[in-house]
>>> print(open('coords-v6.pdb').read())   # PDB, C-alpha atoms
MODEL        1
ATOM      1  CA  MET J 973     -50.956  26.594  17.067
ATOM      2  CA  SER J 974     -49.950  29.164  14.454
ATOM      3  CA  THR J 975     -46.880  28.789  12.255
ATOM      4  CA  HIS J 976     -45.291  31.708  14.094
ATOM      5  CA  ASN J 977     -45.819  29.956  17.454
ATOM      6  CA  ILE J 978     -44.416  26.701  16.085
ATOM      7  CA  ASP J 979     -41.350  28.526  14.734
ATOM      8  CA  THR J 980     -40.829  30.317  18.052
ATOM      9  CA  ARG J 981     -41.208  27.080  19.986
ATOM     10  CA  GLN J 982     -38.655  25.397  17.710
ATOM     11  CA  ARG J 983     -36.211  28.288  18.184
ATOM     12  CA  ILE J 984     -36.504  27.846  21.940
ATOM     13  CA  LEU J 985     -35.991  24.087  21.733
ATOM     14  CA  LYS J 986     -32.984  24.456  19.433
ATOM     15  CA  ALA J 987     -31.464  27.051  21.776
ATOM     16  CA  ALA J 988     -32.003  24.819  24.811
ATOM     17  CA  TRP J 989     -30.452  21.827  23.010
ATOM     18  CA  SER J 990     -27.450  23.852  21.930
ATOM     19  CA  LEU J 991     -26.880  25.326  25.391
ATOM     20  CA  LEU J 992     -27.195  21.957  27.109
ATOM     21  CA  GLU J 993     -24.503  20.539  24.839
ATOM     22  CA  LYS J 994     -22.269  23.616  25.031
ATOM     23  CA  ASN J 995     -22.477  24.039  28.815
ATOM     24  CA  ARG J 996     -22.373  20.303  29.540
ATOM     25  CA  GLY J 997     -25.751  20.574  31.261
ATOM     26  CA  GLN J 998     -24.513  23.033  33.857
ATOM     27  CA  GLY J 999     -26.260  26.295  34.682
ATOM     28  CA  VAL J1000     -28.621  26.493  31.715
ATOM     29  CA  ARG J1001     -31.249  28.946  32.932
ATOM     30  CA  MET J1002     -34.444  30.086  31.265
ATOM     31  CA  SER J1003     -32.888  33.522  30.773
ATOM     32  CA  ASP J1004     -29.905  31.934  28.971
ATOM     33  CA  ILE J1005     -32.220  29.990  26.697
ATOM     34  CA  ALA J1006     -34.316  33.094  26.005
ATOM     35  CA  LYS J1007     -31.207  35.087  25.110
ATOM     36  CA  ALA J1008     -29.888  32.339  22.823
ATOM     37  CA  ALA J1009     -33.279  32.160  21.098
ATOM     38  CA  GLY J1010     -33.428  35.946  20.723
ATOM     39  CA  LEU J1011     -36.534  36.208  22.902
ATOM     40  CA  SER J1012     -37.570  37.634  26.230
ATOM     41  CA  ARG J1013     -37.780  35.359  29.228
ATOM     42  CA  GLN J1014     -41.520  36.002  29.314
ATOM     43  CA  ALA J1015     -41.846  34.813  25.715
ATOM     44  CA  VAL J1016     -40.202  31.520  26.672
ATOM     45  CA  TYR J1017     -42.656  31.132  29.554
ATOM     46  CA  LEU J1018     -45.549  31.614  27.126
ATOM     47  CA  HIS J1019     -44.478  28.365  25.468
ATOM     48  CA  PHE J1020     -43.208  26.427  28.510
ATOM     49  CA  GLU J1021     -44.662  26.724  32.003
ATOM     50  CA  SER J1022     -41.411  25.777  33.735
ATOM     51  CA  ARG J1023     -37.791  24.932  33.116
ATOM     52  CA  THR J1024     -38.614  21.256  33.695
ATOM     53  CA  ASP J1025     -41.314  21.398  30.990
ATOM     54  CA  LEU J1026     -38.837  23.017  28.615
ATOM     55  CA  LEU J1027     -36.109  20.449  29.262
ATOM     56  CA  ILE J1028     -38.528  17.537  28.840
ATOM     57  CA  ALA J1029     -39.777  19.109  25.600
ATOM     58  CA  THR J1030     -36.162  19.559  24.469
ATOM     59  CA  THR J1031     -35.385  15.867  24.915
ATOM     60  CA  LYS J1032     -38.547  14.980  22.991
ATOM     61  CA  TYR J1033     -37.527  17.421  20.274
ATOM     62  CA  VAL J1034     -34.097  15.757  20.024
ATOM     63  CA  ASP J1035     -35.830  12.381  19.690
ATOM     64  CA  GLU J1036     -38.065  13.823  16.975
ATOM     65  CA  VAL J1037     -35.119  15.276  15.043
ATOM     66  CA  LYS J1038     -33.212  11.997  15.389
ATOM     67  CA  GLY J1039     -36.205   9.990  14.120
ATOM     68  CA  LEU J1040     -36.929   8.013  17.273
ATOM     69  CA  ASP J1041     -40.385   6.878  16.160
ATOM     70  CA  GLU J1042     -38.969   5.413  12.947
ATOM     71  CA  ARG J1043     -36.147   3.736  14.869
ATOM     72  CA  LEU J1044     -38.595   2.121  17.296
ATOM     73  CA  LYS J1045     -40.221   0.232  14.403
ATOM     74  CA  ILE J1046     -37.460  -2.339  14.803
ATOM     75  CA  PHE J1047     -39.528  -3.774  17.654
ATOM     76  CA  GLN J1048     -42.525  -4.412  15.410
ATOM     77  CA  ALA J1049     -40.496  -6.902  13.381
ATOM     78  CA  ALA J1050     -39.505  -8.916  16.462
ATOM     79  CA  ASN J1051     -41.609 -12.035  17.041
ATOM     80  CA  THR J1052     -39.966 -13.593  20.102
ATOM     81  CA  GLY J1053     -38.470 -12.470  23.383
ATOM     82  CA  THR J1054     -34.989 -13.192  22.095
ATOM     83  CA  GLU J1055     -35.611 -11.102  18.974
ATOM     84  CA  LEU J1056     -36.950  -8.271  21.153
ATOM     85  CA  LEU J1057     -33.842  -8.473  23.338
ATOM     86  CA  GLU J1058     -31.655  -8.277  20.219
ATOM     87  CA  ALA J1059     -33.733  -5.334  18.943
ATOM     88  CA  VAL J1060     -33.290  -3.432  22.218
ATOM     89  CA  VAL J1061     -29.515  -3.725  22.002
ATOM     90  CA  GLU J1062     -29.424  -2.843  18.306
ATOM     91  CA  PHE J1063     -31.712   0.150  18.732
ATOM     92  CA  TRP J1064     -29.917   1.537  21.787
ATOM     93  CA  GLY J1065     -26.407   0.776  20.520
ATOM     94  CA  ASN J1066     -27.106   2.764  17.363
ATOM     95  CA  TYR J1067     -29.029   5.538  19.139
ATOM     96  CA  ILE J1068     -26.545   6.428  21.900
ATOM     97  CA  PRO J1069     -23.983   7.926  19.480
ATOM     98  CA  GLU J1070     -26.779  10.054  17.979
ATOM     99  CA  ILE J1071     -27.914  11.539  21.308
ATOM    100  CA  TYR J1072     -24.635  11.479  23.234
ATOM    101  CA  GLY J1073     -24.100  15.216  22.758
ATOM    102  CA  ILE J1074     -27.153  15.992  24.888
ATOM    103  CA  ALA J1075     -27.171  12.835  27.038
ATOM    104  CA  LYS J1076     -23.708  13.365  28.536
ATOM    105  CA  PRO J1077     -24.390  16.900  29.786
ATOM    106  CA  MET J1078     -27.659  15.733  31.284
ATOM    107  CA  LEU J1079     -25.956  12.831  33.052
ATOM    108  CA  ASN J1080     -23.361  15.244  34.423
ATOM    109  CA  ALA J1081     -26.084  17.429  35.930
ATOM    110  CA  LEU J1082     -28.471  14.782  37.279
ATOM    111  CA  ASP J1083     -27.418  15.149  40.908
ATOM    112  CA  SER J1084     -27.438  18.928  40.946
ATOM    113  CA  ASP J1085     -30.420  19.863  38.794
ATOM    114  CA  ASP J1086     -33.938  18.581  39.510
ATOM    115  CA  ALA J1087     -35.291  19.776  36.149
ATOM    116  CA  ILE J1088     -32.618  17.876  34.237
ATOM    117  CA  ALA J1089     -33.200  14.797  36.424
ATOM    118  CA  ALA J1090     -36.915  14.931  35.548
ATOM    119  CA  ALA J1091     -36.156  15.316  31.843
ATOM    120  CA  TRP J1092     -33.668  12.434  31.946
ATOM    121  CA  SER J1093     -36.164  10.180  33.711
ATOM    122  CA  ASN J1094     -38.681  11.004  31.002
ATOM    123  CA  CYS J1095     -36.091  10.152  28.319
ATOM    124  CA  MET J1096     -35.337   6.763  29.777
ATOM    125  CA  GLY J1097     -39.006   5.775  29.643
ATOM    126  CA  ASP J1098     -38.781   4.459  26.063
ATOM    127  CA  LEU J1099     -35.713   2.365  26.835
ATOM    128  CA  GLN J1100     -37.255   0.983  30.006
ATOM    129  CA  HIS J1101     -40.438   0.137  28.101
ATOM    130  CA  ALA J1102     -38.440  -1.691  25.422
ATOM    131  CA  CYS J1103     -36.446  -3.616  28.029
ATOM    132  CA  GLY J1104     -39.699  -4.486  29.773
ATOM    133  CA  GLN J1105     -41.244  -5.777  26.543
ATOM    134  CA  ALA J1106     -38.263  -8.058  25.910
ATOM    135  CA  VAL J1107     -38.228  -9.466  29.444
ATOM    136  CA  GLU J1108     -42.030  -9.897  29.517
ATOM    137  CA  ALA J1109     -41.915 -11.777  26.209
ATOM    138  CA  LEU J1110     -39.129 -14.056  27.453
ATOM    139  CA  ASP J1111     -41.120 -14.737  30.595
ATOM    140  CA  ASP J1112     -44.332 -15.432  28.626
ATOM    141  CA  GLU J1113     -42.394 -17.929  26.485
ATOM    142  CA  ASN J1114     -40.857 -19.535  29.603
ATOM    143  CA  ARG J1115     -37.449 -18.540  28.234
ATOM    144  CA  LEU J1116     -36.411 -16.051  30.953
ATOM    145  CA  ALA J1117     -33.417 -17.528  32.775
ATOM    146  CA  PRO J1118     -34.692 -18.988  36.071
ATOM    147  CA  GLU J1119     -32.432 -16.917  38.311
ATOM    148  CA  TRP J1120     -34.259 -13.721  37.291
ATOM    149  CA  GLN J1121     -37.458 -12.159  38.493
ATOM    150  CA  LYS J1122     -38.918  -9.903  35.804
ATOM    151  CA  THR J1123     -38.350  -6.617  37.640
ATOM    152  CA  GLU J1124     -34.747  -7.496  38.460
ATOM    153  CA  ALA J1125     -34.107  -8.586  34.877
ATOM    154  CA  ILE J1126     -35.427  -5.279  33.512
ATOM    155  CA  GLU J1127     -33.313  -3.310  35.990
ATOM    156  CA  MET J1128     -30.186  -5.308  35.149
ATOM    157  CA  LEU J1129     -30.763  -4.982  31.409
ATOM    158  CA  MET J1130     -31.103  -1.210  31.823
ATOM    159  CA  ALA J1131     -27.866  -1.163  33.829
ATOM    160  CA  MET J1132     -26.036  -3.251  31.235
ATOM    161  CA  LEU J1133     -27.131  -0.830  28.514
ATOM    162  CA  SER J1134     -26.174   2.275  30.478
ATOM    163  CA  ILE J1135     -24.432   5.102  28.697
ATOM    164  CA  HIS J1136     -21.530   4.735  31.144
ATOM    165  CA  HIS J1137     -20.845   1.219  29.849
ATOM    166  CA  TRP J1138     -21.161   2.391  26.251
ATOM    167  CA  GLU J1139     -18.696   5.243  26.953
ATOM    168  CA  HIS J1140     -16.146   2.902  28.473
ATOM    169  CA  LEU J1141     -16.285   0.401  25.644
ATOM    170  CA  THR J1142     -16.535   2.756  22.658
ATOM    171  CA  LEU J1143     -14.907   6.027  23.689
ATOM    172  CA  GLU J1144     -12.284   4.701  26.097
ATOM    173  CA  ARG J1145     -11.542   1.247  24.679
ATOM    174  CA  GLY J1146     -12.167   2.069  21.012
ATOM    175  CA  TRP J1147     -14.892  -0.445  20.201
ATOM    176  CA  THR J1148     -16.894   0.259  17.063
ATOM    177  CA  THR J1149     -20.662   0.521  17.212
ATOM    178  CA  ALA J1150     -20.931  -2.834  15.426
ATOM    179  CA  GLN J1151     -18.589  -4.452  17.964
ATOM    180  CA  TYR J1152     -20.525  -2.976  20.866
ATOM    181  CA  ILE J1153     -23.854  -4.219  19.506
ATOM    182  CA  ALA J1154     -22.558  -7.711  18.696
ATOM    183  CA  LYS J1155     -20.837  -8.276  22.050
ATOM    184  CA  MET J1156     -23.643  -6.712  24.090
ATOM    185  CA  THR J1157     -26.211  -8.846  22.240
ATOM    186  CA  THR J1158     -24.253 -11.985  23.099
ATOM    187  CA  LEU J1159     -23.917 -10.883  26.725
ATOM    188  CA  VAL J1160     -27.586 -10.065  27.310
ATOM    189  CA  LYS J1161     -28.753 -13.284  25.620
ATOM    190  CA  ARG J1162     -26.447 -15.337  27.838
ATOM    191  CA  ALA J1163     -27.661 -13.430  30.892
ATOM    192  CA  PHE J1164     -31.407 -13.545  30.305
ATOM    193  CA  VAL J1165     -32.363 -16.282  27.832
ATOM    194  CA  ASN J1166     -32.842 -19.762  29.224
ATOM    195  CA  GLY J1167     -31.408 -22.420  26.931
TER
ENDMDL
END
>>> encode(input="coords-v6.pdb", output="structure tokens")
Amino acid sequence: MSTHNIDTRQRILKAAWSLLEKNRGQGVRMSDIAKAAGLSRQAVYLHFESRTDLLIATTKYVDEVKGLDERLKIFQAANTGTELLEAVVEFWGNYIPEIYGIAKPMLNALDSDDAIAAAWSNCMGDLQHACGQAVEALDDENRLAPEWQKTEAIEMLMAMLSIHHWEHLTLERGWTTAQYIAKMTTLVKRAFVNG
């Protein structure tokens, strides 16, 4: 891909990101993105086959800008299921404030916009994978609390780490990021670690 194509693609992704945040995820059309990027609608379609492809690429672009790959290295240092569980909470607790500007608009539009729902599902893949790694490791070590089946434990961990819970505790109740991470770490360890 030429430098010009890379620059154009980045302009489109930046425009989509900006519009998603500005419009709270509502009514962001390909034509709006094209206009914000200073391009024709056809030019946008040369880079992205569909609106869904563009929105998925936008979320990946946000992760790239926010250094997701570097942040995920925290899991490489974890040696046990408990350490992986702690790493999941630390990673996600620090990452939500970084991506909240785009995450909130997407959450607001999930029920009304199939393309945003697809992009959001794609976004949550990394978190689900991390939760799965932690639960699998606990189970392999025979440390997963006996009341949990692995699938249920992963689903509950995802629910506990939902952005809605983070919003309530940090934005509404005034918890700091450090407080959120410390208390959530204690909670998930009590919920999932046997002994």
>>> axis_aligned_box(input="coords-v6.pdb", around="segment 981-986 of chain J", padding_each_side="5 Å", output="lines of an AutoDock Vina configuration file")
center_x = -37.1
center_y = 26.2
center_z = 19.8
size_x = 18.2
size_y = 14.2
size_z = 14.2
>>> residues_around(input="coords-v6.pdb", residues="His1019 of chain J", least_positions_apart="2", cutoff="9 Å", atoms="all atoms listed in the file", output="PyMOL selection string")
chain J and resi 977+980-981+984+1015-1017+1021+1026
>>> resolve_selection(input="coords-v6.pdb", expression="the PyMOL selection byres ((chain J and resi 1103) around 9)", output="compact mmCIF listing (two decimals) with C-alpha atoms, in the coordinates of the input")
# COMPACT_ATOMS: atom_id res chain seq x y z
CA LEU J 1056 -36.95 -8.27 21.15
CA LEU J 1057 -33.84 -8.47 23.34
CA VAL J 1060 -33.29 -3.43 22.22
CA ASP J 1098 -38.78 4.46 26.06
CA LEU J 1099 -35.71 2.37 26.84
CA GLN J 1100 -37.26 0.98 30.01
CA HIS J 1101 -40.44 0.14 28.10
CA ALA J 1102 -38.44 -1.69 25.42
CA GLY J 1104 -39.70 -4.49 29.77
CA GLN J 1105 -41.24 -5.78 26.54
CA ALA J 1106 -38.26 -8.06 25.91
CA VAL J 1107 -38.23 -9.47 29.44
CA GLU J 1108 -42.03 -9.90 29.52
CA ALA J 1125 -34.11 -8.59 34.88
CA ILE J 1126 -35.43 -5.28 33.51
CA GLU J 1127 -33.31 -3.31 35.99
CA LEU J 1129 -30.76 -4.98 31.41
CA MET J 1130 -31.10 -1.21 31.82
>>> closest_atom_pairs(input="coords-v6.pdb", of="segment 1030-1112 of chain J", to="segment 1156-1164 of chain J", cutoff="10 Å", atoms="all atoms listed in the file", output="tab-separated table")
residue	atom	partner	partner_atom	distance
J:Gly1053	CA	J:Phe1164	CA	9.9
J:Thr1054	CA	J:Lys1161	CA	7.2
J:Glu1055	CA	J:Lys1161	CA	9.8
J:Leu1057	CA	J:Lys1161	CA	7.4
J:Glu1058	CA	J:Thr1157	CA	5.8
J:Ala1059	CA	J:Thr1157	CA	8.9
J:Val1060	CA	J:Thr1157	CA	8.9
J:Val1061	CA	J:Thr1157	CA	6.1
J:Glu1062	CA	J:Thr1157	CA	7.9
J:Gly1065	CA	J:Met1156	CA	8.7
J:Ala1106	CA	J:Phe1164	CA	9.8
J:Val1107	CA	J:Phe1164	CA	8.0
J:Leu1110	CA	J:Phe1164	CA	8.2
J:Asp1111	CA	J:Phe1164	CA	9.8
>>> resolve_selection(input="coords-v6.pdb", expression="the PyMOL selection byres ((chain J and resi 1004) around 12)", output="count of residues only")
26
